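Undergrad: A single structure is presented below for examination.
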Amino acid sequence: MAQLISLGSLKAPTSAAKMRASLAKSGCASSSCGSSDGPADMSPEMWERVKDHPCYSEEAHHYFARMHVAVAPACNIQCNYCNRKYDCANESRPGVVSERLDPDQAVKKVIAVANEVPQLSVLGIAGPGDACYDWRKTKETFERVSKEIPDLKLCLSTNGLALPDYVDEIADMAIDHVTITINAIDPEIGAKIYPWVFYDHRRWTGVEASRILLERQMLGLEMLVARDILVKVNSVMIPGINDAHLIEVNKAVKEKGAFLHNIMPLISDPAHGTHFGLTGQRGPTPMEVKALQDKVEGGTKLMRHCRQCRADAVGILGEDRGQEFTMDQLPETVSYDPARREEYRSVVATVRGEHAATKEAAKADLAEVRDAPVLLVAVATRGGGRINLHFGHAQEFQVFEVSPGGVTFVGHRKVEQYCHGGHGEERAFDGIVETLQGVSTVLCAKIGEAPKDRLEKVGIKASDAHAFDWIEAGIAAWYAAEYGTQPAMLTA
Ligand SMILES: C[S@@+](CC[C@H](N)C(=O)[O-])C[C@H]1O[C@@H](n2cnc3c(N)ncnc32)[C@H](O)[C@@H]1O
Ligand code: SF4
């Protein structure tokens, strides 16, 4: 049975020495446990470029952390779903920040985080406005951070309108990853999402505004691809407006050479004061997002693990340690110490080898199982690739599809935590049941009898029999026990 590896305990500053000890306990402290050359559908060279980037590799997001610095508040377009004025420390959604930084402050913060969070591998600028429109601050921040921490990967997010003007500088600065938000390729549809754009010294509205934006986005995408920069395309799925159309968007961005397409649900709430929030435009349900993602699978590679994070997020995807690193908590002066990050990397290389080997074993076991159903399984995890979180403590579940063909990650679903230590469990439980629509089983580190019985009554099984297993292996073992002739073999 696999052991808990402290990669999952990411809240406290993680000690690489502790992780090594934990690995030794599980009998896997040497690098002879195998190594991962990356997924079969990716060249080793490409894998080398994305393997430490939590947004570009689903596998990397178990191990590596990103941070965003909010140095780019200004924006040159208006999206009907965006309002950056709304600021709440407890809310995790794009465009929200606790404090805006100047490049000086940003450099200080990045160094402080790199010293404290050894998982840090990526620095991104995702607003809260537009990284390309606020280019001077974006550029200065990246240049100065690169001098201090040269191995940090740099990435930025943009609506694409100003992007073509800066592609050469982006290439010169070795920014290897760029995200462009493309919600439509048809200006008539775009006009329902963008009321205006500011371009060439004037404001444009209607279909004309969208036409300009969409042309610039495609041009920017082509220019980046021509310079061998990896492009992720974000698309916000807006039911009744661009949901069906995103199939066309997927085809178009694939043809232009986008590396990854991230279809993410519209977040819409009247309290956010956005046009869509105020007009009652709803976001899609998790099953609607999954159905669309399944339809476009086979187009460009899909990102399914996006957490739609804040523009000042810090940590592993799905957690946010941003509030630990506000400017008023940072020391007067900071200087970068690479030791912990370097040690962490060497430990992760070993753990990843073990994880990859176990995944392969689980796949082989599943291939033996015939005539078994295709199911969705929700997993409670705190990271590190393990089933290692109490059902009642989960604020999101990772959802996997399992069939005789294998175990595939299909997305995450955010929920209100069930255990409150007070009132609200009833409401949280109802929300969890609604969010887990389509899921047949929950696997977690522990679950009480009461919530387990209640889940059972609404047709969802729950089990802690695979606590601390690697996720894929645990799912495979559970599935084989339920539907196969023999339980799956686990080696860890
Ligand atoms: C805040 S933006 C910053 C980067 C850049 N301005 C852009 O739009 O790409 C980051 C991402 O959040 C998305 N976003 C903003 N508000 C959203 C909402 N209410 N629902 C879903 N996605 C949203 C944007 O579409 C974009 O992909
Ligand atoms: S482009 Fe980005 S920052 Fe600007 S309005 Fe749209 S989502 Fe908000």
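Naming scheme: A, B, ... for chains in displayed order of the structure tokens; residues 1 onward per chain; ligands 1 onward as shown.
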May I have the residues within 6 Å of Cys75 of chain A as a tab-separated table (two decimals) with C-alpha atoms, in the first residue's frame, using only C-alpha atoms and disregarding those fewer than 2 positions away in the same chain?
TA:
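And here's part39.tsv as it stands now:
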```
chain	number	residue	atom	x	y	z
A	77	ILE	CA	-11.24	46.29	-23.52
A	129	GLY	CA	-6.15	44.08	-16.07
A	130	ASP	CA	-4.08	43.22	-19.12
```
Undergrad: Using only C-alpha atoms, which residues sit within 6 Å of Phe259 of chain A once same-chain residues fewer than 3 positions away are excluded, as JSON, numbers by chain?
TA: {"A": [230, 231, 232]}
Undergrad: With C-alpha atoms retained, could you export that selection as a PDB file, in the first residue's frame?
TA:
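In the end it all went to again.pdb:
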```pdb
ATOM      1  CA  LEU A 230       3.778  28.001 -26.188  1.00  0.00           C
ATOM      2  CA  VAL A 231       0.293  29.455 -26.324  1.00  0.00           C
ATOM      3  CA  LYS A 232      -2.616  28.516 -24.125  1.00  0.00           C
TER       4      LYS A 232
END
```
Undergrad: Considering only C-alpha atoms, return as a list in words whatever protein or nucleic-acid residues lie within 10 Å of Val253 of chain A, sequence-local ones (same chain, fewer than 4 positions apart) excluded.
TA: Ile182, Ile185, Met218, Leu221, Glu222, Val231, Lys232, Val233, Glu248, Val249, Gly257, Ala258, Phe259, Leu260, His261, Gly299 and Thr300 of chain A
Undergrad: Neighbours of ligand 2 at 8 Å or closer, counting only C-alpha atoms and all ligand atoms: which residues, as a list in words?
TA: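 Listing the residues within 8 Å of ligand 2 gives Pro73, Ala74, Cys75, Asn76, Ile77, Gln78, Cys79, Asn80, Tyr81, Cys82, Asn83, Arg84, Pro94, Gly95, Gly127, Pro128, Gly129, Asp130, Thr158, Asn159 and Thr181 of chain A.
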Undergrad: Considering only C-alpha atoms and all ligand atoms, can you say which of A:Asp269, A:Glu59, A:Glu434, A:Glu343 comes closest to ligand 1?
TA: A:Asp269
Undergrad: Would you return as a list in words the members of segment 242-359 of chain A that DSSP assigns to strand (DSSP E or B) on this structure's backbone?
TA: Leu260, His261, Asn262, Ile263, Met264, Pro265, Leu302, Val314, Gly315 and Ile316 of chain A
Undergrad: Write out as number ranges by chain the set of residues from segment 159-351 of chain A that DSSP, computed on the backbone, places in alpha helix (DSSP H).
TA: A: 167-172, 187-190, 206-226, 246-255, 275-279, 286-296, 339-351
Undergrad: What's around Glu140 of chain A at 7 Å? Count only C-alpha atoms, leave out sequence neighbours fewer than 4 positions away in its own chain, and write the answer as a PyMOL selection string.
TA: chain A and resi 103+136+144
Undergrad: Please list as JSON, numbers by chain every residue within 9 Å of Glu396 of chain A, counting only C-alpha atoms and excluding residues in the same chain fewer than 6 positions away.
TA: {"A": [318, 379, 380, 381, 412, 413, 414, 415, 416, 417]}
Undergrad: Just to be explicit: take each residue in the selection above, keep N, CA and C atoms, and write the result as a short mmCIF file (atom, residue, chain, number, x, y, z; two decimals), in the first residue's frame.
TA:
```cif
data_model
loop_
_atom_site.label_atom_id
_atom_site.label_comp_id
_atom_site.auth_asym_id
_atom_site.auth_seq_id
_atom_site.Cartn_x
_atom_site.Cartn_y
_atom_site.Cartn_z
N GLY A 318 -5.39 25.50 -6.87
CA GLY A 318 -6.44 25.00 -5.97
C GLY A 318 -6.25 25.50 -4.55
N VAL A 379 -12.34 12.75 -6.16
CA VAL A 379 -11.28 12.46 -5.20
C VAL A 379 -11.02 13.70 -4.33
N ALA A 380 -10.88 13.46 -3.03
CA ALA A 380 -10.49 14.55 -2.12
C ALA A 380 -8.98 14.48 -1.94
N THR A 381 -8.29 15.54 -2.36
CA THR A 381 -6.82 15.55 -2.26
C THR A 381 -6.33 16.91 -1.82
N HIS A 412 -12.02 19.65 -12.05
CA HIS A 412 -12.20 19.76 -10.61
C HIS A 412 -13.53 20.45 -10.37
N ARG A 413 -14.10 20.23 -9.20
CA ARG A 413 -15.37 20.89 -8.87
C ARG A 413 -15.23 21.52 -7.48
N LYS A 414 -15.41 22.81 -7.45
CA LYS A 414 -15.29 23.52 -6.17
C LYS A 414 -16.56 23.33 -5.35
N VAL A 415 -16.39 23.18 -4.04
CA VAL A 415 -17.56 23.02 -3.16
C VAL A 415 -17.34 23.83 -1.89
N GLU A 416 -18.43 24.04 -1.16
CA GLU A 416 -18.30 24.62 0.16
C GLU A 416 -17.89 23.48 1.10
N GLN A 417 -16.92 23.74 1.98
CA GLN A 417 -16.44 22.70 2.88
C GLN A 417 -17.57 22.17 3.76
#
```
Undergrad: Using only C-alpha atoms, which protein or nucleic acid residues come within 8 Å of Ala209 of chain A? Drop anything in the same chain fewer than 2 positions from it, and give the result as a PDB file with C-alpha atoms, in the first residue's frame.
TA:
```pdb
ATOM      1  CA  ALA A 191     -20.174  41.628 -29.899  1.00  0.00           C
ATOM      2  CA  TYR A 194     -17.314  42.742 -25.596  1.00  0.00           C
ATOM      3  CA  PRO A 195     -19.195  46.079 -25.453  1.00  0.00           C
ATOM      4  CA  TRP A 196     -16.084  48.049 -26.453  1.00  0.00           C
ATOM      5  CA  VAL A 197     -12.366  47.960 -27.153  1.00  0.00           C
ATOM      6  CA  TRP A 204     -14.682  51.024 -30.869  1.00  0.00           C
ATOM      7  CA  THR A 205     -18.037  49.407 -30.162  1.00  0.00           C
ATOM      8  CA  GLY A 206     -20.306  46.687 -31.574  1.00  0.00           C
ATOM      9  CA  VAL A 207     -19.300  44.190 -34.236  1.00  0.00           C
ATOM     10  CA  ARG A 211     -13.665  42.276 -35.429  1.00  0.00           C
ATOM     11  CA  ILE A 212     -10.591  44.290 -34.462  1.00  0.00           C
ATOM     12  CA  LEU A 213     -10.074  42.290 -31.279  1.00  0.00           C
TER      13      LEU A 213
END
```
